[in-house]
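Chemist: Questions regarding the structure given below will be posed in turn.
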Amino acid sequence: MLKSHRLFPILLALPLCLAPLAAAQDRTPQQQAEVDKLQLGIEDFFKGLNNPTVGPEQAFSTLVGKGPLKGKSEELTSLIDKASKLETRYGRYTGHDFASAKTVGNDLVILRYLYKGERFPVVWHFYYYRAANGAATLTKGEWNLIEIRFDTNLDGLDK
């Protein structure tokens, strides 16, 4: 039988272990459905990114759609260029894993994925924002990808 002084640290640590579960449960069913829909687009993106018949340029174009990143051609061109060098730098693509989804209020979603290369993983960050359809209306607009980046900083993936 555990003595009470040995049980105390375990009881203190228990809320920390359950915190990620609580955070995931904070989303309403509607918010979760919206996150799931955004994730489907990212799944398609990764399939296209690593398909020689589609490639990075088309994959990014499809992912960005008509959103605000479409007008930022220099940034998009730079991302496409960096993405086309992933295999050279990190090894052949072996798959990807969903890492996390964070909702900030009702109109910002941050999704992170782990892109697995043969030699090293890459963390992808996708930021989606949904604004109202107009200043005079309260109806919600479409989700727009407002930022996308990737790096090899693995810090924070466990949070």
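Residue numbering restarts at 1 in every chain; chains get A, B, ... in the order shown in the structure tokens, and ligands count up from 1 in that same order.
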Write down as a PyMOL selection string the residues belonging to stretch 18-112 of chain A that are assigned helix (DSSP H, G or I) by DSSP computed on the backbone.

Modeler: chain A and resi 18-25+29-49+55-64+68-71+73-84+86-90

Chemist: Restricted to C-alpha atoms, what would the selected residues look like written as a tab-separated table (two decimals), in the first residue's frame?

Modeler:
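That gives us again26.tsv:
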chain	number	residue	atom	x	y	z
A	18	LEU	CA	-5.30	15.48	-17.78
A	19	ALA	CA	-4.85	19.08	-18.99
A	20	PRO	CA	-4.50	18.17	-22.70
A	21	LEU	CA	-7.73	16.19	-22.50
A	22	ALA	CA	-9.54	19.10	-20.91
A	23	ALA	CA	-8.27	21.50	-23.56
A	24	ALA	CA	-9.56	19.24	-26.34
A	25	GLN	CA	-12.93	19.03	-24.62
A	29	PRO	CA	-19.16	20.20	-31.34
A	30	GLN	CA	-19.53	22.90	-34.01
A	31	GLN	CA	-15.97	24.14	-33.46
A	32	GLN	CA	-14.66	20.56	-33.63
A	33	ALA	CA	-16.54	19.98	-36.90
A	34	GLU	CA	-14.94	23.13	-38.34
A	35	VAL	CA	-11.47	22.03	-37.18
A	36	ASP	CA	-12.07	18.61	-38.76
A	37	LYS	CA	-12.99	20.27	-42.07
A	38	LEU	CA	-9.82	22.40	-42.02
A	39	GLN	CA	-7.79	19.26	-41.29
A	40	LEU	CA	-9.18	17.55	-44.40
A	41	GLY	CA	-7.78	20.39	-46.51
A	42	ILE	CA	-4.37	19.97	-44.90
A	43	GLU	CA	-4.46	16.21	-45.51
A	44	ASP	CA	-5.07	16.94	-49.20
A	45	PHE	CA	-2.23	19.47	-49.12
A	46	PHE	CA	0.29	16.92	-47.83
A	47	LYS	CA	-0.87	14.34	-50.39
A	48	GLY	CA	-0.36	16.86	-53.20
A	49	LEU	CA	2.88	18.27	-51.83
A	55	GLY	CA	3.91	19.10	-56.54
A	56	PRO	CA	4.40	22.01	-54.14
A	57	GLU	CA	3.17	24.81	-56.41
A	58	GLN	CA	-0.24	23.25	-57.06
A	59	ALA	CA	-0.56	21.96	-53.47
A	60	PHE	CA	0.01	25.45	-52.05
A	61	SER	CA	-2.27	27.05	-54.61
A	62	THR	CA	-5.11	24.70	-53.67
A	63	LEU	CA	-4.53	25.15	-49.94
A	64	VAL	CA	-4.38	28.95	-50.10
A	68	PRO	CA	-5.29	36.60	-48.33
A	69	LEU	CA	-2.10	34.61	-48.92
A	70	LYS	CA	-2.94	34.36	-52.62
A	71	GLY	CA	-2.11	38.04	-53.02
A	73	SER	CA	3.07	36.15	-54.19
A	74	GLU	CA	6.60	36.73	-52.84
A	75	GLU	CA	5.86	34.97	-49.55
A	76	LEU	CA	4.08	32.14	-51.32
A	77	THR	CA	6.89	31.73	-53.85
A	78	SER	CA	9.39	31.55	-51.01
A	79	LEU	CA	7.35	28.87	-49.21
A	80	ILE	CA	7.02	26.83	-52.39
A	81	ASP	CA	10.76	27.08	-52.98
A	82	LYS	CA	11.56	25.96	-49.42
A	83	ALA	CA	9.02	23.14	-49.57
A	84	SER	CA	10.50	21.83	-52.82
A	86	LEU	CA	12.42	19.39	-48.07
A	87	GLU	CA	13.52	16.04	-49.47
A	88	THR	CA	17.06	17.28	-50.14
A	89	ARG	CA	17.41	18.69	-46.63
A	90	TYR	CA	15.49	16.23	-44.45

Chemist: Give me, as JSON, numbers by chain, all polymer residues having an atom no more than 7 Å from A:Phe98, counting only C-alpha atoms and skipping those fewer than 2 positions away in the same chain.

Modeler: {"A": [96, 100, 112, 113, 114]}

Chemist: What's the separation between atom CA of A:Phe120 and atom CA of A:Leu157, in Å to one decimal place?

Modeler: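 Between atom CA of A:Phe120 and atom CA of A:Leu157 the gap is 14.7 Å.
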
Chemist: Env of stretch 143-156 of chain A: 6 Å cut, atoms = only C-alpha atoms, seq-sep filter 5 positions within chain, self excluded. Answer as a tab-separated table (two decimals) with all heavy atoms, in the first residue's frame.

Modeler:
chain	number	residue	atom	x	y	z
A	67	GLY	N	-7.87	32.96	-50.41
A	67	GLY	CA	-7.57	33.69	-49.18
A	67	GLY	C	-6.52	34.77	-49.35
A	67	GLY	O	-5.95	34.97	-50.44
A	122	VAL	N	9.89	17.83	-39.59
A	122	VAL	CA	9.63	19.25	-39.81
A	122	VAL	C	8.24	19.56	-39.23
A	122	VAL	O	7.31	18.79	-39.43
A	122	VAL	CB	9.66	19.61	-41.31
A	122	VAL	CG1	9.33	21.07	-41.55
A	122	VAL	CG2	11.01	19.24	-41.91
A	123	VAL	N	8.13	20.66	-38.52
A	123	VAL	CA	6.85	21.06	-37.92
A	123	VAL	C	6.20	22.11	-38.83
A	123	VAL	O	6.80	23.12	-39.16
A	123	VAL	CB	7.05	21.63	-36.50
A	123	VAL	CG1	5.70	22.00	-35.89
A	123	VAL	CG2	7.80	20.65	-35.62
A	124	TRP	N	4.98	21.82	-39.22
A	124	TRP	CA	4.20	22.75	-40.04
A	124	TRP	C	3.15	23.41	-39.16
A	124	TRP	O	2.47	22.76	-38.36
A	124	TRP	CB	3.50	22.00	-41.18
A	124	TRP	CG	4.41	21.59	-42.29
A	124	TRP	CD1	5.31	20.56	-42.27
A	124	TRP	CD2	4.50	22.18	-43.57
A	124	TRP	NE1	5.96	20.50	-43.48
A	124	TRP	CE2	5.48	21.46	-44.29
A	124	TRP	CE3	3.85	23.24	-44.19
A	124	TRP	CZ2	5.81	21.79	-45.60
A	124	TRP	CZ3	4.19	23.56	-45.50
A	124	TRP	CH2	5.16	22.84	-46.18
A	125	HIS	N	2.96	24.72	-39.35
A	125	HIS	CA	1.99	25.53	-38.60
A	125	HIS	C	1.04	26.17	-39.61
A	125	HIS	O	1.48	26.85	-40.54
A	125	HIS	CB	2.69	26.64	-37.83
A	125	HIS	CG	3.85	26.17	-37.00
A	125	HIS	ND1	3.75	25.93	-35.65
A	125	HIS	CD2	5.13	25.89	-37.34
A	125	HIS	CE1	4.92	25.54	-35.20
A	125	HIS	NE2	5.78	25.50	-36.20
A	126	PHE	N	-0.25	25.96	-39.41
A	126	PHE	CA	-1.29	26.52	-40.28
A	126	PHE	C	-2.21	27.38	-39.43
A	126	PHE	O	-2.78	26.91	-38.44
A	126	PHE	CB	-2.11	25.40	-40.93
A	126	PHE	CG	-1.29	24.43	-41.74
A	126	PHE	CD1	-0.73	23.30	-41.15
A	126	PHE	CD2	-1.10	24.63	-43.10
A	126	PHE	CE1	0.01	22.39	-41.90
A	126	PHE	CE2	-0.36	23.73	-43.85
A	126	PHE	CZ	0.20	22.61	-43.25
A	127	TYR	N	-2.37	28.64	-39.80
A	127	TYR	CA	-3.21	29.58	-39.04
A	127	TYR	C	-4.42	29.96	-39.90
A	127	TYR	O	-4.26	30.50	-41.00
A	127	TYR	CB	-2.43	30.86	-38.71
A	127	TYR	CG	-1.28	30.64	-37.76
A	127	TYR	CD1	-0.09	30.08	-38.18
A	127	TYR	CD2	-1.41	30.99	-36.42
A	127	TYR	CE1	0.97	29.87	-37.31
A	127	TYR	CE2	-0.35	30.79	-35.53
A	127	TYR	CZ	0.83	30.23	-35.98
A	127	TYR	OH	1.87	30.02	-35.11
A	128	TYR	N	-5.60	29.68	-39.39
A	128	TYR	CA	-6.84	29.99	-40.09
A	128	TYR	C	-7.63	31.02	-39.30
A	128	TYR	O	-7.74	30.92	-38.08
A	128	TYR	CB	-7.72	28.74	-40.23
A	128	TYR	CG	-7.22	27.75	-41.26
A	128	TYR	CD1	-6.35	26.74	-40.91
A	128	TYR	CD2	-7.64	27.84	-42.58
A	128	TYR	CE1	-5.90	25.83	-41.85
A	128	TYR	CE2	-7.19	26.94	-43.54
A	128	TYR	CZ	-6.32	25.94	-43.15
A	128	TYR	OH	-5.88	25.04	-44.09
A	129	TYR	N	-8.17	31.99	-40.03
A	129	TYR	CA	-8.97	33.04	-39.41
A	129	TYR	C	-10.29	33.17	-40.15
A	129	TYR	O	-10.34	33.04	-41.38
A	129	TYR	CB	-8.21	34.37	-39.46
A	129	TYR	CG	-8.96	35.52	-38.83
A	129	TYR	CD1	-9.19	35.56	-37.46
A	129	TYR	CD2	-9.44	36.57	-39.61
A	129	TYR	CE1	-9.88	36.61	-36.88
A	129	TYR	CE2	-10.13	37.62	-39.04
A	129	TYR	CZ	-10.34	37.63	-37.67
A	129	TYR	OH	-11.02	38.67	-37.10
A	130	ARG	N	-11.33	33.46	-39.38
A	130	ARG	CA	-12.65	33.64	-39.98
A	130	ARG	C	-13.20	34.96	-39.49
A	130	ARG	O	-13.42	35.17	-38.29
A	130	ARG	CB	-13.56	32.49	-39.56
A	130	ARG	CG	-14.97	32.62	-40.07
A	130	ARG	CD	-15.80	31.47	-39.66
A	130	ARG	NE	-15.85	31.42	-38.18
A	130	ARG	CZ	-16.45	30.45	-37.51
A	130	ARG	NH1	-17.00	29.45	-38.15
A	130	ARG	NH2	-16.47	30.48	-36.19

Chemist: Expressed in Å to a single decimal, how great is the separation between atom CA of A:Arg27 and atom CA of A:Leu108?

Modeler: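 We find that atom CA of A:Arg27 and atom CA of A:Leu108 lie 12.3 Å from each other.
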
Chemist: By how many Å are atom CA of A:Thr28 and atom CA of A:Gly105 apart?

Modeler: 11.0 Å
